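As stored in final-v9.cif (mmCIF, C-alpha atoms and all ligand atoms):
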data_query
#
loop_
_atom_site.group_PDB
_atom_site.id
_atom_site.type_symbol
_atom_site.label_atom_id
_atom_site.label_comp_id
_atom_site.auth_asym_id
_atom_site.auth_seq_id
_atom_site.Cartn_x
_atom_site.Cartn_y
_atom_site.Cartn_z
ATOM 1 C CA MET A 747 0.931 -12.274 -3.171
ATOM 2 C CA SER A 748 -1.438 -13.344 -0.399
ATOM 3 C CA ALA A 749 -3.678 -16.402 -0.373
ATOM 4 C CA VAL A 750 -6.709 -14.211 -0.945
ATOM 5 C CA ALA A 751 -5.193 -12.466 -3.943
ATOM 6 C CA SER A 752 -4.254 -15.756 -5.514
ATOM 7 C CA MET A 753 -7.853 -16.919 -5.153
ATOM 8 C CA GLN A 754 -9.238 -14.083 -7.217
ATOM 9 C CA SER A 755 -10.846 -15.246 -10.396
ATOM 10 C CA PRO A 756 -9.857 -13.549 -13.661
ATOM 11 C CA THR A 757 -12.320 -10.860 -14.695
ATOM 12 C CA SER A 758 -13.551 -10.436 -18.247
ATOM 13 C CA SER A 759 -11.269 -7.852 -19.907
ATOM 14 C CA PRO A 760 -12.468 -4.560 -18.400
ATOM 15 C CA GLU A 761 -11.719 -1.321 -20.204
ATOM 16 C CA PRO A 762 -8.432 0.354 -19.296
ATOM 17 C CA THR A 763 -10.052 3.405 -17.641
ATOM 18 C CA GLN A 764 -12.254 1.414 -15.293
ATOM 19 C CA LYS A 765 -9.249 -0.758 -14.473
ATOM 20 C CA SER A 766 -7.042 2.198 -13.626
ATOM 21 C CA THR A 767 -9.704 4.424 -12.004
ATOM 22 C CA PRO A 768 -12.264 2.223 -10.285
ATOM 23 C CA ILE A 769 -13.918 5.119 -8.416
ATOM 24 C CA ILE A 770 -15.006 8.286 -10.256
ATOM 25 C CA ILE A 771 -17.417 10.660 -8.512
ATOM 26 C CA ASP A 772 -18.585 13.806 -10.238
ATOM 27 C CA GLY A 773 -20.725 16.591 -8.780
ATOM 28 C CA LEU A 774 -22.325 14.399 -6.142
ATOM 29 C CA ARG A 775 -25.072 16.074 -4.128
ATOM 30 C CA LYS A 776 -27.196 14.881 -1.263
ATOM 31 C CA SER A 777 -29.674 16.670 0.978
ATOM 32 C CA PHE A 778 -31.812 15.392 3.807
ATOM 33 C CA GLY A 779 -34.875 17.607 3.745
ATOM 34 C CA PRO A 780 -33.647 21.214 3.828
ATOM 35 C CA ASN A 781 -30.151 20.202 4.977
ATOM 36 C CA VAL A 782 -27.536 20.020 2.256
ATOM 37 C CA ILE A 783 -25.154 17.245 3.317
ATOM 38 C CA LEU A 784 -22.919 16.827 0.249
ATOM 39 C CA THR A 785 -22.248 19.663 -2.182
ATOM 40 C CA ASP A 786 -20.757 18.867 -5.587
ATOM 41 C CA VAL A 787 -18.283 16.240 -4.413
ATOM 42 C CA THR A 788 -15.898 15.349 -7.224
ATOM 43 C CA LEU A 789 -13.226 12.734 -6.720
ATOM 44 C CA SER A 790 -11.369 9.921 -8.491
ATOM 45 C CA VAL A 791 -9.467 7.084 -6.889
ATOM 46 C CA THR A 792 -6.919 5.086 -8.843
ATOM 47 C CA ALA A 793 -6.671 1.320 -8.674
ATOM 48 C CA GLY A 794 -5.040 -0.119 -5.601
ATOM 49 C CA SER A 795 -4.585 3.203 -3.835
ATOM 50 C CA ALA A 796 -5.527 3.977 -0.235
ATOM 51 C CA VAL A 797 -7.340 7.222 0.502
ATOM 52 C CA ALA A 798 -8.121 8.596 3.964
ATOM 53 C CA LEU A 799 -11.320 10.588 4.392
ATOM 54 C CA VAL A 800 -11.243 13.076 7.249
ATOM 55 C CA GLY A 801 -13.708 15.602 8.578
ATOM 56 C CA SER A 802 -15.405 16.408 11.853
ATOM 57 C CA ASN A 803 -18.619 14.758 13.030
ATOM 58 C CA GLY A 804 -21.501 15.503 10.725
ATOM 59 C CA SER A 805 -19.297 16.645 7.823
ATOM 60 C CA GLY A 806 -20.798 13.974 5.546
ATOM 61 C CA LYS A 807 -18.198 11.175 5.554
ATOM 62 C CA SER A 808 -20.621 8.313 6.152
ATOM 63 C CA THR A 809 -23.135 9.808 3.751
ATOM 64 C CA LEU A 810 -20.497 9.975 1.023
ATOM 65 C CA LEU A 811 -19.327 6.384 1.528
ATOM 66 C CA ARG A 812 -22.910 5.098 1.621
ATOM 67 C CA CYS A 813 -23.914 7.056 -1.468
ATOM 68 C CA LEU A 814 -21.189 5.284 -3.439
ATOM 69 C CA VAL A 815 -23.118 2.007 -3.403
ATOM 70 C CA ARG A 816 -26.535 3.653 -2.937
ATOM 71 C CA LEU A 817 -27.059 2.534 0.645
ATOM 72 C CA ILE A 818 -28.121 6.187 0.644
ATOM 73 C CA GLU A 819 -29.668 7.415 -2.603
ATOM 74 C CA PRO A 820 -27.837 10.521 -3.886
ATOM 75 C CA ASP A 821 -29.841 13.416 -5.333
ATOM 76 C CA SER A 822 -27.664 14.156 -8.351
ATOM 77 C CA GLY A 823 -24.212 13.856 -9.849
ATOM 78 C CA SER A 824 -22.606 10.726 -11.205
ATOM 79 C CA ILE A 825 -20.740 7.808 -9.708
ATOM 80 C CA SER A 826 -18.741 5.290 -11.677
ATOM 81 C CA LEU A 827 -17.614 2.259 -9.687
ATOM 82 C CA LEU A 828 -15.638 -0.480 -11.406
ATOM 83 C CA GLY A 829 -16.920 0.834 -14.727
ATOM 84 C CA ASP A 830 -20.595 0.751 -13.703
ATOM 85 C CA ASP A 831 -22.707 3.900 -13.855
ATOM 86 C CA VAL A 832 -24.009 3.359 -10.317
ATOM 87 C CA LEU A 833 -26.997 5.703 -10.411
ATOM 88 C CA SER A 834 -28.514 4.012 -13.441
ATOM 89 C CA LEU A 835 -28.204 0.409 -12.245
ATOM 90 C CA ASN A 836 -31.299 -1.679 -11.659
ATOM 91 C CA ARG A 837 -31.647 -3.698 -8.435
ATOM 92 C CA ALA A 838 -30.029 -6.853 -9.766
ATOM 93 C CA ALA A 839 -27.061 -5.010 -11.264
ATOM 94 C CA LEU A 840 -26.635 -2.976 -8.081
ATOM 95 C CA LYS A 841 -26.576 -6.174 -6.042
ATOM 96 C CA ARG A 842 -23.876 -7.574 -8.345
ATOM 97 C CA LEU A 843 -21.836 -4.403 -7.991
ATOM 98 C CA ARG A 844 -22.192 -4.399 -4.194
ATOM 99 C CA SER A 845 -20.841 -7.940 -4.120
ATOM 100 C CA ARG A 846 -17.576 -6.544 -5.515
ATOM 101 C CA VAL A 847 -17.312 -3.778 -2.925
ATOM 102 C CA GLY A 848 -16.383 -4.625 0.676
ATOM 103 C CA PHE A 849 -17.885 -2.413 3.366
ATOM 104 C CA VAL A 850 -16.384 -2.262 6.849
ATOM 105 C CA PHE A 851 -18.418 -0.284 9.373
ATOM 106 C CA GLN A 852 -17.533 1.312 12.685
ATOM 107 C CA LYS A 853 -19.695 -1.249 14.432
ATOM 108 C CA HIS A 854 -18.872 -4.505 12.822
ATOM 109 C CA ASN A 855 -22.386 -5.574 11.801
ATOM 110 C CA LEU A 856 -21.764 -9.285 12.356
ATOM 111 C CA VAL A 857 -24.395 -11.827 13.421
ATOM 112 C CA PRO A 858 -23.530 -12.235 17.122
ATOM 113 C CA ARG A 859 -24.488 -15.843 17.870
ATOM 114 C CA LEU A 860 -23.029 -17.293 14.693
ATOM 115 C CA SER A 861 -19.433 -18.453 14.414
ATOM 116 C CA ALA A 862 -16.649 -16.343 12.956
ATOM 117 C CA LEU A 863 -16.478 -18.734 9.978
ATOM 118 C CA THR A 864 -20.208 -18.497 9.247
ATOM 119 C CA ASN A 865 -20.053 -14.719 9.428
ATOM 120 C CA VAL A 866 -17.170 -14.735 6.952
ATOM 121 C CA LEU A 867 -19.149 -17.051 4.675
ATOM 122 C CA HIS A 868 -21.831 -14.364 4.502
ATOM 123 C CA GLY A 869 -19.337 -12.382 2.444
ATOM 124 C CA ALA A 870 -19.956 -14.835 -0.424
ATOM 125 C CA GLN A 871 -23.702 -14.123 -0.512
ATOM 126 C CA GLY A 872 -23.636 -11.822 -3.497
ATOM 127 C CA LYS A 873 -21.496 -14.284 -5.473
ATOM 128 C CA VAL A 874 -23.324 -17.527 -4.749
ATOM 129 C CA PRO A 875 -27.026 -17.853 -5.511
ATOM 130 C CA SER A 876 -27.719 -20.528 -2.903
ATOM 131 C CA PRO A 877 -28.671 -19.411 0.633
ATOM 132 C CA ARG A 878 -26.713 -22.436 1.832
ATOM 133 C CA VAL A 879 -23.654 -20.207 2.313
ATOM 134 C CA TRP A 880 -25.445 -18.789 5.319
ATOM 135 C CA PHE A 881 -24.790 -21.946 7.285
ATOM 136 C CA GLN A 882 -21.328 -23.203 7.930
ATOM 137 C CA GLY A 883 -22.240 -26.909 7.844
ATOM 138 C CA LEU A 884 -24.089 -26.599 4.537
ATOM 139 C CA ALA A 885 -21.675 -24.373 2.622
ATOM 140 C CA PRO A 886 -19.688 -26.105 -0.126
ATOM 141 C CA GLN A 887 -16.215 -27.236 0.845
ATOM 142 C CA HIS A 888 -14.457 -24.739 -1.444
ATOM 143 C CA LEU A 889 -16.286 -21.821 0.177
ATOM 144 C CA ARG A 890 -15.514 -23.062 3.678
ATOM 145 C CA GLU A 891 -11.862 -23.364 2.707
ATOM 146 C CA ARG A 892 -11.847 -19.864 1.303
ATOM 147 C CA ALA A 893 -13.545 -18.458 4.392
ATOM 148 C CA LEU A 894 -10.904 -20.139 6.520
ATOM 149 C CA ALA A 895 -8.147 -18.664 4.335
ATOM 150 C CA CYS A 896 -9.698 -15.215 4.868
ATOM 151 C CA LEU A 897 -9.798 -15.755 8.637
ATOM 152 C CA ASN A 898 -6.190 -16.877 8.425
ATOM 153 C CA GLU A 899 -5.329 -13.636 6.601
ATOM 154 C CA VAL A 900 -6.617 -11.646 9.573
ATOM 155 C CA GLY A 901 -4.898 -13.919 12.100
ATOM 156 C CA LEU A 902 -8.042 -15.614 13.385
ATOM 157 C CA ALA A 903 -7.946 -19.131 11.915
ATOM 158 C CA ASP A 904 -7.952 -20.578 15.437
ATOM 159 C CA PHE A 905 -11.190 -18.775 16.250
ATOM 160 C CA ALA A 906 -13.198 -20.047 13.270
ATOM 161 C CA SER A 907 -15.844 -21.862 15.287
ATOM 162 C CA ARG A 908 -16.192 -19.273 18.055
ATOM 163 C CA PRO A 909 -19.434 -17.269 18.136
ATOM 164 C CA VAL A 910 -18.573 -13.663 17.429
ATOM 165 C CA ASP A 911 -20.270 -12.434 20.600
ATOM 166 C CA ARG A 912 -17.443 -14.172 22.424
ATOM 167 C CA LEU A 913 -14.736 -12.234 20.567
ATOM 168 C CA SER A 914 -13.142 -8.923 21.553
ATOM 169 C CA GLY A 915 -13.914 -5.710 19.646
ATOM 170 C CA GLY A 916 -10.643 -5.954 17.737
ATOM 171 C CA GLN A 917 -11.200 -9.612 16.882
ATOM 172 C CA SER A 918 -14.744 -8.863 15.724
ATOM 173 C CA GLN A 919 -13.480 -6.134 13.434
ATOM 174 C CA ARG A 920 -10.962 -8.648 12.033
ATOM 175 C CA VAL A 921 -13.854 -11.008 11.273
ATOM 176 C CA ALA A 922 -15.641 -8.127 9.524
ATOM 177 C CA ILE A 923 -12.525 -7.531 7.425
ATOM 178 C CA ALA A 924 -12.295 -11.260 6.640
ATOM 179 C CA ARG A 925 -15.952 -11.154 5.563
ATOM 180 C CA ALA A 926 -15.135 -8.249 3.250
ATOM 181 C CA LEU A 927 -12.161 -10.199 1.845
ATOM 182 C CA MET A 928 -14.449 -13.162 1.216
ATOM 183 C CA GLN A 929 -16.174 -10.970 -1.367
ATOM 184 C CA GLU A 930 -12.879 -10.802 -3.292
ATOM 185 C CA PRO A 931 -13.515 -7.065 -3.381
ATOM 186 C CA GLU A 932 -11.922 -4.669 -5.815
ATOM 187 C CA ILE A 933 -12.865 -1.776 -3.550
ATOM 188 C CA ILE A 934 -13.132 -1.567 0.246
ATOM 189 C CA LEU A 935 -15.025 1.297 1.880
ATOM 190 C CA ALA A 936 -14.255 1.454 5.583
ATOM 191 C CA ASP A 937 -16.306 3.890 7.654
ATOM 192 C CA GLU A 938 -14.339 4.743 10.801
ATOM 193 C CA PRO A 939 -13.263 1.121 11.130
ATOM 194 C CA VAL A 940 -11.376 1.649 14.390
ATOM 195 C CA ALA A 941 -13.584 4.247 16.084
ATOM 196 C CA SER A 942 -14.920 1.832 18.681
ATOM 197 C CA LEU A 943 -11.574 0.164 19.454
ATOM 198 C CA ASP A 944 -8.886 0.987 21.986
ATOM 199 C CA PRO A 945 -5.789 2.693 20.519
ATOM 200 C CA GLU A 946 -3.654 -0.438 20.320
ATOM 201 C CA ALA A 947 -6.347 -2.588 18.666
ATOM 202 C CA GLY A 948 -7.146 0.365 16.396
ATOM 203 C CA GLU A 949 -3.550 0.612 15.255
ATOM 204 C CA GLN A 950 -3.430 -3.130 14.530
ATOM 205 C CA ILE A 951 -6.678 -3.066 12.558
ATOM 206 C CA MET A 952 -5.569 -0.087 10.453
ATOM 207 C CA GLU A 953 -2.250 -1.768 9.766
ATOM 208 C CA LEU A 954 -4.028 -4.975 8.740
ATOM 209 C CA LEU A 955 -6.586 -3.248 6.539
ATOM 210 C CA ALA A 956 -3.971 -1.171 4.735
ATOM 211 C CA ARG A 957 -1.685 -4.180 4.220
ATOM 212 C CA LEU A 958 -4.449 -6.436 2.897
ATOM 213 C CA ALA A 959 -5.656 -3.729 0.519
ATOM 214 C CA ARG A 960 -2.102 -3.174 -0.729
ATOM 215 C CA ASP A 961 -1.293 -6.885 -1.104
ATOM 216 C CA ASN A 962 -4.524 -7.606 -2.946
ATOM 217 C CA GLY A 963 -4.532 -4.510 -5.180
ATOM 218 C CA ILE A 964 -7.779 -3.295 -3.587
ATOM 219 C CA SER A 965 -8.711 0.401 -3.708
ATOM 220 C CA LEU A 966 -9.412 1.524 -0.155
ATOM 221 C CA ILE A 967 -11.237 4.571 1.163
ATOM 222 C CA PHE A 968 -11.322 4.755 4.952
ATOM 223 C CA SER A 969 -12.777 7.518 7.061
ATOM 224 C CA THR A 970 -11.050 8.347 10.303
ATOM 225 C CA HIS A 971 -10.755 10.811 13.149
ATOM 226 C CA HIS A 972 -7.158 9.774 13.784
ATOM 227 C CA LEU A 973 -4.984 12.184 11.856
ATOM 228 C CA GLU A 974 -1.950 9.986 12.390
ATOM 229 C CA HIS A 975 -3.811 7.038 10.829
ATOM 230 C CA ALA A 976 -4.778 9.227 7.882
ATOM 231 C CA ILE A 977 -1.139 10.035 7.246
ATOM 232 C CA GLU A 978 0.334 6.637 7.965
ATOM 233 C CA TYR A 979 -2.105 4.340 6.193
ATOM 234 C CA SER A 980 -3.055 6.262 3.073
ATOM 235 C CA GLU A 981 -1.334 7.721 0.056
ATOM 236 C CA ARG A 982 -3.754 10.593 -0.151
ATOM 237 C CA VAL A 983 -5.961 12.461 2.258
ATOM 238 C CA ILE A 984 -9.282 14.019 1.351
ATOM 239 C CA GLY A 985 -11.308 16.122 3.749
ATOM 240 C CA LEU A 986 -14.934 17.123 3.963
ATOM 241 C CA ARG A 987 -16.049 20.279 5.707
ATOM 242 C CA LYS A 988 -19.805 20.671 5.901
ATOM 243 C CA GLY A 989 -20.205 18.442 2.882
ATOM 244 C CA VAL A 990 -17.677 20.255 0.728
ATOM 245 C CA LEU A 991 -14.482 18.494 -0.317
ATOM 246 C CA GLU A 992 -11.973 21.106 0.822
ATOM 247 C CA LEU A 993 -8.846 19.014 1.104
ATOM 248 C CA ASP A 994 -7.349 16.636 -1.443
ATOM 249 C CA LYS A 995 -3.608 16.088 -1.281
ATOM 250 C CA PRO A 996 -1.094 13.290 -1.569
ATOM 251 C CA ASN A 997 0.015 12.765 2.009
ATOM 252 C CA THR A 998 3.626 13.433 1.057
ATOM 253 C CA GLU A 999 2.531 17.063 0.509
ATOM 254 C CA LEU A 1000 0.386 17.252 3.592
ATOM 255 C CA THR A 1001 1.400 19.376 6.541
ATOM 256 C CA THR A 1002 0.258 18.781 10.094
ATOM 257 C CA SER A 1003 -1.305 22.208 10.057
ATOM 258 C CA ASP A 1004 -3.346 21.203 6.982
ATOM 259 C CA LEU A 1005 -4.967 18.515 9.042
ATOM 260 C CA ARG A 1006 -5.140 20.413 12.339
ATOM 261 C CA SER A 1007 -6.754 23.429 10.740
ATOM 262 C CA PHE A 1008 -9.111 21.065 9.047
ATOM 263 C CA TYR A 1009 -10.404 19.778 12.344
ATOM 264 C CA GLU A 1010 -10.581 23.146 14.071
ATOM 265 C CA PRO A 1011 -13.965 24.866 13.933
ATOM 266 C CA SER A 1012 -13.742 27.229 10.996
ATOM 267 C CA ARG A 1013 -14.099 30.836 12.204
ATOM 268 C CA VAL A 1014 -14.609 32.002 8.658
ATOM 269 C CA SER A 1015 -17.573 29.717 8.026
ATOM 270 C CA ASN A 1016 -19.034 30.452 11.489
ATOM 271 C CA GLU A 1017 -18.909 34.147 10.832
ATOM 272 C CA SER A 1018 -20.632 33.750 7.515
ATOM 273 C CA GLU A 1019 -23.562 31.841 9.047
HETATM 274 N N1 LIG A 1101 -30.851 9.491 7.258
HETATM 275 C C1 LIG A 1101 -30.619 10.769 7.594
HETATM 276 N N2 LIG A 1101 -31.630 11.647 7.701
HETATM 277 C C2 LIG A 1101 -31.416 12.938 8.018
HETATM 278 N N3 LIG A 1101 -30.180 13.456 8.237
HETATM 279 C C3 LIG A 1101 -29.136 12.620 8.158
HETATM 280 C C4 LIG A 1101 -29.290 11.240 7.825
HETATM 281 N N4 LIG A 1101 -28.053 10.655 7.797
HETATM 282 C C5 LIG A 1101 -27.180 11.628 8.099
HETATM 283 N N5 LIG A 1101 -27.822 12.805 8.316
HETATM 284 C C6 LIG A 1101 -27.186 14.074 8.628
HETATM 285 O O1 LIG A 1101 -26.203 14.320 7.659
HETATM 286 C C7 LIG A 1101 -25.080 14.963 8.228
HETATM 287 C C8 LIG A 1101 -23.823 14.211 7.885
HETATM 288 O O2 LIG A 1101 -23.862 12.964 8.551
HETATM 289 P P1 LIG A 1101 -22.744 11.867 8.347
HETATM 290 O O3 LIG A 1101 -22.577 11.597 6.902
HETATM 291 O O4 LIG A 1101 -23.121 10.724 9.221
HETATM 292 O O5 LIG A 1101 -21.454 12.619 8.895
HETATM 293 P P2 LIG A 1101 -20.069 11.997 9.412
HETATM 294 O O6 LIG A 1101 -20.015 10.573 9.022
HETATM 295 O O7 LIG A 1101 -19.028 12.847 8.794
HETATM 296 O O8 LIG A 1101 -20.098 12.173 10.914
HETATM 297 C C9 LIG A 1101 -25.363 15.066 9.718
HETATM 298 O O9 LIG A 1101 -25.814 16.348 9.992
HETATM 299 C C10 LIG A 1101 -26.455 14.045 9.934
HETATM 300 O O10 LIG A 1101 -27.261 14.405 11.018
HETATM 301 MG MG MG A 1102 -19.836 8.832 10.106
#
Once more with this new file: its structure as structure tokens, please.
Ligand SMILES: Nc1ncnc2c1ncn2[C@@H]1O[C@H](COP(=O)(O)OP(=O)(O)O)[C@@H](O)[C@H]1O
Ligand SMILES: [Mg+2]
Amino acid sequence: MSAVASMQSPTSSPEPTQKSTPIIIDGLRKSFGPNVILTDVTLSVTAGSAVALVGSNGSGKSTLLRCLVRLIEPDSGSISLLGDDVLSLNRAALKRLRSRVGFVFQKHNLVPRLSALTNVLHGAQGKVPSPRVWFQGLAPQHLRERALACLNEVGLADFASRPVDRLSGGQSQRVAIARALMQEPEIILADEPVASLDPEAGEQIMELLARLARDNGISLIFSTHHLEHAIEYSERVIGLRKGVLELDKPNTELTTSDLRSFYEPSRVSNESE
């Protein structure tokens, strides 16, 4: 077990279903104005499993991931995350839930002039009431130690005091992953986490993300345009086409043509337009 896993505090006896199925989405719908973006998306993810989300640009991947924690407000349907009925949570409860869900974006979303360690400390915001965690020098010793352990997990302990605008794209994404780990997340949602990296850095980041999720028993959904990443780093691949979940298979049953056809423009749907 990794250092981060061993730091996780015991949770108060959750019910078996929420423990075994931390993500349950049923009939999720979202439109922007007249444009229907997600149509009746239904999906469950079991604890500790890694799911790849594929689909061409504009198919609704980011919208789906953001709807899960209401960064985008869905129109209807239901979402259960870690046993919480997400759509009925008030602000405070939603904030608490978000603190248990790590989000890794395509662009890392770090504060550029602050050090790697301070950025990782930001991951503790939802857990610690004091704004002192924002500043490395003021954060309590135990949080600084944990942030350093998270940086160590992503291979960046030696870069703790370096401002993130002096790190490479791959290193910055590692800091973003360390920040997500700092949350001691039970779920990580990663939206095209390697899209802005070169192929080698992308491979390393995917490998790291999948390993950390596995070692820490974290449920992971990552969206990707790399079909080989989808196959290699997940146990199951789901695919959106124009907001409809048209593919959902364990990747042991997946054929290359499943994925290829999925990314080809669909003649059938074009003809029907
Ligand atoms: N805030 C928004 N307002 C209006 N349309 C949006 C908004 N966010 C996304 N969309 C539209 O929703 C569709 C799906 O977008 P997105 O979820 O980002 O797709 P993907 O991540 O698969 O590329 C696109 O057509 C996009 O233009
Ligand atoms: Mg997207």
**OP:** Write as a ChimeraX atom specification the residues around ligand MG 1102 (chain A), taking 12 Å as the cut-off and counting all atoms listed in the file.
**Re:** /A:799-812,851-853,936-941,968-971,986
Would you save the residues of that selection, restricted to C-alpha atoms, as a PDB file, in the frame of the given file?
ATOM      1  CA  LEU A 799     -11.320  10.588   4.392  1.00  0.00           C
ATOM      2  CA  VAL A 800     -11.243  13.076   7.249  1.00  0.00           C
ATOM      3  CA  GLY A 801     -13.708  15.602   8.578  1.00  0.00           C
ATOM      4  CA  SER A 802     -15.405  16.408  11.853  1.00  0.00           C
ATOM      5  CA  ASN A 803     -18.619  14.758  13.030  1.00  0.00           C
ATOM      6  CA  GLY A 804     -21.501  15.503  10.725  1.00  0.00           C
ATOM      7  CA  SER A 805     -19.297  16.645   7.823  1.00  0.00           C
ATOM      8  CA  GLY A 806     -20.798  13.974   5.546  1.00  0.00           C
ATOM      9  CA  LYS A 807     -18.198  11.175   5.554  1.00  0.00           C
ATOM     10  CA  SER A 808     -20.621   8.313   6.152  1.00  0.00           C
ATOM     11  CA  THR A 809     -23.135   9.808   3.751  1.00  0.00           C
ATOM     12  CA  LEU A 810     -20.497   9.975   1.023  1.00  0.00           C
ATOM     13  CA  LEU A 811     -19.327   6.384   1.528  1.00  0.00           C
ATOM     14  CA  ARG A 812     -22.910   5.098   1.621  1.00  0.00           C
ATOM     15  CA  PHE A 851     -18.418  -0.284   9.373  1.00  0.00           C
ATOM     16  CA  GLN A 852     -17.533   1.312  12.685  1.00  0.00           C
ATOM     17  CA  LYS A 853     -19.695  -1.249  14.432  1.00  0.00           C
ATOM     18  CA  ALA A 936     -14.255   1.454   5.583  1.00  0.00           C
ATOM     19  CA  ASP A 937     -16.306   3.890   7.654  1.00  0.00           C
ATOM     20  CA  GLU A 938     -14.339   4.743  10.801  1.00  0.00           C
ATOM     21  CA  PRO A 939     -13.263   1.121  11.130  1.00  0.00           C
ATOM     22  CA  VAL A 940     -11.376   1.649  14.390  1.00  0.00           C
ATOM     23  CA  ALA A 941     -13.584   4.247  16.084  1.00  0.00           C
ATOM     24  CA  PHE A 968     -11.322   4.755   4.952  1.00  0.00           C
ATOM     25  CA  SER A 969     -12.777   7.518   7.061  1.00  0.00           C
ATOM     26  CA  THR A 970     -11.050   8.347  10.303  1.00  0.00           C
ATOM     27  CA  HIS A 971     -10.755  10.811  13.149  1.00  0.00           C
ATOM     28  CA  LEU A 986     -14.934  17.123   3.963  1.00  0.00           C
TER      29      LEU A 986
END
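Evaluated against the shown file, the PyMOL selection byres (((chain A and resi 797) around 6) and not hetatm) gives Ala796, Ala798, Ile967, Ser980, Arg982 and Val983 of chain A.
Look at Val910 of chain A: the protein and nucleic acid residues within 6 Å of it, using all atoms listed in the file and passing over chain neighbours fewer than 4 places away, are Pro858, Ser861 and Ala862 of chain A.
Residue membership of the PyMOL selection byres (((chain A and resi 994-1005) around 9) and not hetatm) in the shown file amounts to Leu789, Val797, Val800, Leu973, Ala976, Ile977, Glu978, Ser980, Glu981, Arg982, Val983, Ile984, Gly985, Leu991, Glu992, Leu993, Arg1006, Ser1007, Phe1008, Tyr1009 and Glu1010 of chain A.
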Original post:
On this structure, which residues satisfy the PyMOL selection byres (((chain A and resi 868) around 9) and not hetatm), written as JSON, numbers by chain?
Top reply: {"A": [863, 864, 865, 866, 867, 869, 870, 871, 872, 879, 880, 881, 925, 928, 929]}
